[in-house]
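Participant: So I've got this file, entry32.txt, and it contains compact mmCIF, C-alpha atoms and all ligand atoms:
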# COMPACT_ATOMS: atom_id res chain seq x y z
CA MET A 821 47.24 -7.93 -24.23
CA ASN A 822 44.88 -8.49 -27.10
CA CYS A 823 42.51 -5.56 -27.45
CA LEU A 824 39.27 -7.57 -27.56
CA ARG A 825 40.28 -9.42 -24.45
CA PHE A 826 40.95 -6.15 -22.69
CA ILE A 827 37.49 -4.84 -23.66
CA GLY A 828 36.01 -8.12 -22.43
CA ILE A 829 37.64 -7.71 -19.01
CA ILE A 830 36.47 -4.08 -18.72
CA ALA A 831 32.93 -5.14 -19.66
CA ALA A 832 32.98 -7.89 -17.03
CA VAL A 833 34.18 -5.47 -14.33
CA LEU A 834 31.50 -2.93 -15.28
CA SER A 835 28.72 -5.50 -15.19
CA LEU A 836 29.89 -6.69 -11.76
CA ALA A 837 29.78 -3.08 -10.57
CA ALA A 838 26.21 -2.77 -11.89
CA VAL A 839 25.17 -5.88 -9.97
CA ALA A 840 26.79 -4.54 -6.81
CA THR A 841 25.13 -1.11 -6.88
CA GLY A 842 21.85 -1.96 -8.60
CA GLU A 843 20.21 0.24 -11.19
CA THR A 844 20.74 3.95 -10.72
CA ASP A 845 18.24 6.75 -10.25
CA GLU A 846 19.29 8.04 -13.69
CA GLN A 847 18.25 4.74 -15.23
CA TYR A 848 14.98 4.99 -13.33
CA HIS A 849 14.34 8.43 -14.76
CA GLU A 850 14.92 7.04 -18.30
CA TRP A 851 12.23 4.42 -17.67
CA MET A 852 9.84 7.14 -16.53
CA LEU A 853 10.40 9.11 -19.73
CA GLN A 854 9.77 5.93 -21.73
CA SER A 855 6.56 5.35 -19.74
CA GLN A 856 5.39 8.84 -20.57
CA ALA A 857 5.98 8.22 -24.29
CA HIS A 858 4.18 4.85 -24.23
CA LEU A 859 1.24 6.25 -22.29
CA ALA A 860 0.93 9.22 -24.67
CA ALA A 861 1.04 6.88 -27.69
CA SER A 862 -1.73 4.75 -26.12
CA LEU A 863 -3.99 7.69 -25.35
CA GLU A 864 -3.54 9.32 -28.75
CA ASN A 865 -4.48 6.21 -30.69
CA VAL A 866 -7.43 4.80 -28.76
CA GLU A 867 -10.01 5.81 -31.35
CA THR A 868 -7.93 5.45 -34.49
CA ASP A 869 -5.32 2.71 -34.22
CA PRO A 870 -5.81 -0.10 -31.67
CA GLN A 871 -2.76 -1.95 -33.02
CA ARG A 872 -0.61 1.04 -32.10
CA VAL A 873 -2.20 1.00 -28.62
CA ALA A 874 -1.36 -2.72 -28.27
CA GLU A 875 2.25 -1.95 -29.24
CA ALA A 876 2.48 0.89 -26.70
CA ALA A 877 0.97 -1.38 -24.03
CA ARG A 878 3.71 -3.93 -24.76
CA GLY A 879 6.26 -1.14 -24.37
CA LEU A 880 4.75 -0.24 -20.99
CA GLN A 881 5.01 -3.87 -19.89
CA GLU A 882 8.68 -4.07 -20.89
CA THR A 883 9.45 -0.87 -19.00
CA PHE A 884 7.49 -1.81 -15.89
CA LYS A 885 9.06 -5.27 -15.62
CA GLN A 886 12.31 -3.37 -15.09
CA VAL A 887 10.67 -0.83 -12.78
CA GLU A 888 9.22 -3.63 -10.66
CA ALA A 889 12.62 -5.37 -10.44
CA PHE A 890 14.17 -2.04 -9.41
CA TRP A 891 11.82 -1.67 -6.42
CA LEU A 892 12.13 -5.34 -5.53
CA GLN A 893 15.86 -4.86 -5.34
CA ARG A 894 15.38 -1.76 -3.18
CA ASP A 895 13.08 -3.73 -0.90
CA ALA A 896 10.16 -1.32 -1.37
CA PRO A 897 7.04 -3.53 -1.46
CA LEU A 898 4.52 -0.67 -1.78
CA ALA A 899 6.21 0.76 -4.88
CA GLN A 900 6.62 -2.75 -6.22
CA ARG A 901 2.87 -3.29 -5.91
CA PHE A 902 2.10 -0.11 -7.89
CA ALA A 903 4.48 -1.31 -10.60
CA SER A 904 3.04 -4.81 -10.69
CA SER A 905 -0.54 -3.52 -10.75
CA LEU A 906 0.41 -1.27 -13.66
CA LEU A 907 1.97 -4.26 -15.43
CA GLU A 908 -1.31 -6.18 -15.13
CA GLY A 909 -3.24 -3.13 -16.34
CA ALA A 910 -1.00 -2.77 -19.39
CA ALA A 911 -1.50 -6.46 -20.21
CA ALA A 912 -5.28 -5.94 -20.05
CA VAL A 913 -4.94 -2.92 -22.37
CA GLU A 914 -2.88 -4.96 -24.82
CA LYS A 915 -5.52 -7.70 -24.85
CA ALA A 916 -8.45 -5.32 -25.37
CA ALA A 917 -6.53 -3.45 -28.09
CA SER A 918 -5.62 -6.67 -29.92
CA GLU A 919 -9.28 -7.68 -29.82
CA GLY A 920 -10.26 -4.24 -31.18
CA ASP A 921 -12.34 -3.49 -28.08
CA THR A 922 -11.80 0.28 -28.23
CA GLY A 923 -14.72 0.96 -25.86
CA GLU A 924 -12.79 -0.75 -23.07
CA LEU A 925 -9.51 1.03 -23.74
CA ASN A 926 -10.24 4.42 -22.20
CA ARG A 927 -11.62 2.75 -19.10
CA LEU A 928 -8.63 0.40 -18.71
CA LEU A 929 -6.07 3.13 -19.38
CA ALA A 930 -7.60 5.28 -16.65
CA SER A 931 -8.51 2.69 -14.02
CA ARG A 932 -5.67 0.18 -14.41
CA VAL A 933 -2.73 2.18 -15.81
CA ARG A 934 -2.85 5.91 -15.03
CA ILE A 935 -4.16 5.35 -11.54
CA ASN A 936 -0.87 3.60 -10.71
CA CYS A 937 1.20 6.42 -12.22
CA ILE A 938 -0.73 8.87 -10.03
CA ARG A 939 -0.68 6.83 -6.83
CA CYS A 940 3.00 6.02 -7.03
CA HIS A 941 3.92 9.61 -7.84
CA LYS A 942 1.95 10.79 -4.85
CA ALA A 943 3.77 8.37 -2.56
CA TYR A 944 7.28 8.14 -4.06
CA ARG A 945 8.08 11.35 -5.92
CA GLU A 946 9.37 14.48 -4.25
CA ARG A 947 10.57 17.86 -5.50
CA SER A 948 14.29 18.02 -5.92
CA PRO A 949 16.11 21.19 -4.78
CA GLU A 950 17.79 21.37 -8.21
CA GLY A 951 14.35 21.43 -9.89
CA GLY A 952 12.28 18.53 -11.19
CA TYR A 953 11.54 15.49 -9.09
CA ARG A 954 13.47 12.68 -7.43
CA ILE A 955 12.74 9.41 -5.61
CA LYS A 956 11.45 10.15 -2.11
CA THR A 957 13.57 9.13 0.88
CA PRO A 958 13.15 7.46 3.25
CA ASP A 959 10.83 4.88 1.69
CA PRO A 960 7.30 6.23 2.43
CA GLY A 961 5.91 2.70 2.24
CA ARG A 962 7.22 1.85 5.70
C1 LIG A 1001 6.27 2.52 -8.80
C2 LIG A 1001 6.20 3.96 -8.77
C3 LIG A 1001 5.92 4.72 -10.03
C4 LIG A 1001 5.02 4.42 -11.02
C5 LIG A 1001 4.05 3.25 -11.07
C6 LIG A 1001 5.16 5.44 -12.02
N1 LIG A 1001 6.11 6.35 -11.66
FE1 LIG A 1001 6.74 7.93 -12.76
N2 LIG A 1001 8.02 8.47 -11.26
C7 LIG A 1001 8.20 7.80 -10.08
C8 LIG A 1001 9.19 8.49 -9.27
C9 LIG A 1001 9.68 8.06 -7.90
C10 LIG A 1001 9.60 9.62 -10.01
C11 LIG A 1001 10.64 10.69 -9.60
C12 LIG A 1001 12.04 10.25 -9.97
C13 LIG A 1001 12.37 10.39 -11.43
O1 LIG A 1001 12.03 11.40 -12.06
O2 LIG A 1001 12.98 9.45 -11.95
C14 LIG A 1001 8.85 9.57 -11.27
C15 LIG A 1001 9.00 10.48 -12.31
C16 LIG A 1001 8.32 10.45 -13.49
C17 LIG A 1001 8.54 11.37 -14.60
C18 LIG A 1001 9.61 12.46 -14.63
C19 LIG A 1001 9.05 13.83 -14.63
C20 LIG A 1001 8.11 14.06 -13.48
O3 LIG A 1001 6.97 14.46 -13.74
O4 LIG A 1001 8.49 13.78 -12.34
C21 LIG A 1001 7.66 11.03 -15.58
C22 LIG A 1001 7.49 11.70 -16.93
C23 LIG A 1001 6.89 9.89 -15.11
N3 LIG A 1001 7.34 9.55 -13.84
C24 LIG A 1001 5.89 9.27 -15.82
C25 LIG A 1001 5.17 8.16 -15.36
C26 LIG A 1001 4.07 7.58 -16.06
C27 LIG A 1001 3.50 8.07 -17.38
C28 LIG A 1001 3.65 6.51 -15.32
C29 LIG A 1001 2.55 5.55 -15.60
C30 LIG A 1001 2.48 4.95 -16.92
C31 LIG A 1001 4.52 6.45 -14.15
N4 LIG A 1001 5.42 7.47 -14.20
C32 LIG A 1001 4.39 5.50 -13.17
C33 LIG A 1001 7.56 6.64 -9.69
C34 LIG A 1001 6.59 5.96 -10.43
Is it possible to express this structure as structure tokens?
Ligand code: HEC

Facilitator:
Amino acid sequence: MNCLRFIGIIAAVLSLAAVATGETDEQYHEWMLQSQAHLAASLENVETDPQRVAEAARGLQETFKQVEAFWLQRDAPLAQRFASSLLEGAAAVEKAASEGDTGELNRLLASRVRINCIRCHKAYRERSPEGGYRIKTPDPGR
């Protein structure tokens, strides 16, 4: 069998497996680390570089579109709402940053972005016996 064709078949099988099982908790953790980096970049640049804040807010939106889809797929409407509210907050941050409205940025980052990090962590994060945190089970939203 031609090598490229073989790779193509393997790739198709792997992507089918991904559809069957959904995104993993490891993937979720990656998104959380990305969120942390985007949030830090936003907070650090509020006073000095609104364009950088706008860019970080776009990064947050990209990450949280995936986070929202993850919870939708897990049928967890409460977590999905935190993710979608954060998405809207990040869009508002991007808009204010693009317009150079730095006065608004601290307020939006606290009241529309971080509040959702905090609320969701309170509801959906639990200590893992191996150290660190994991996704809480069963779904606390029910
Ligand atoms: C929809 C729910 C939800 C939202 C919103 C959310 N997180 Fe998380 N986060 C979790 C869960 C559940 C875990 C534990 C599982 C894991 O580590 O992947 C977690 C873990 C983390 C971790 C890993 C280390 C730790 O402290 O547990 C970081 C860092 C993190 N989140 C950052 C953020 C930041 C920053 C935001 C906001 C920009 C955010 N998260 C918003 C659910 C959420």

Participant: Of the residues A:Glu888, A:Asp959, A:Glu843, A:Glu882, which is the one nearest to ligand LIG 1001 (chain A), using all atoms listed in the file?

Facilitator: A:Glu888

Participant: Let me have all residues with an atom within 9 Å of ligand LIG 1001 (chain A), counting all atoms listed in the file, laid out as a PyMOL selection string.

Facilitator: chain A and resi 845-860+880+884+887-888+891+898-907+910+933-948+952-956

Participant: To one decimal in Å, tell me the separation between atom CA of Ala889 of chain A and atom CA of Ala877 of chain A.

Facilitator: 18.3 Å

Participant: Atom CA of Glu919 of chain A to atom CA of Thr883 of chain A: how many Å, to one decimal?

Facilitator: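 One can read the atom CA of Glu919 of chain A to atom CA of Thr883 of chain A distance as 22.7 Å.
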
Participant: How many Å lie between atom CA of Gly920 of chain A and atom CA of Gln871 of chain A, rounded to one decimal?

Facilitator: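 Pair atom CA of Gly920 of chain A / atom CA of Gln871 of chain A returns 8.1 Å.
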
Participant: Quick one: residues within 12 Å of Val866 of chain A, only C-alpha atoms counted, chain neighbours fewer than 4 positions away excluded, as a PyMOL selection string?

Facilitator: chain A and resi 859-862+870-877+913-914+916-918+920-929
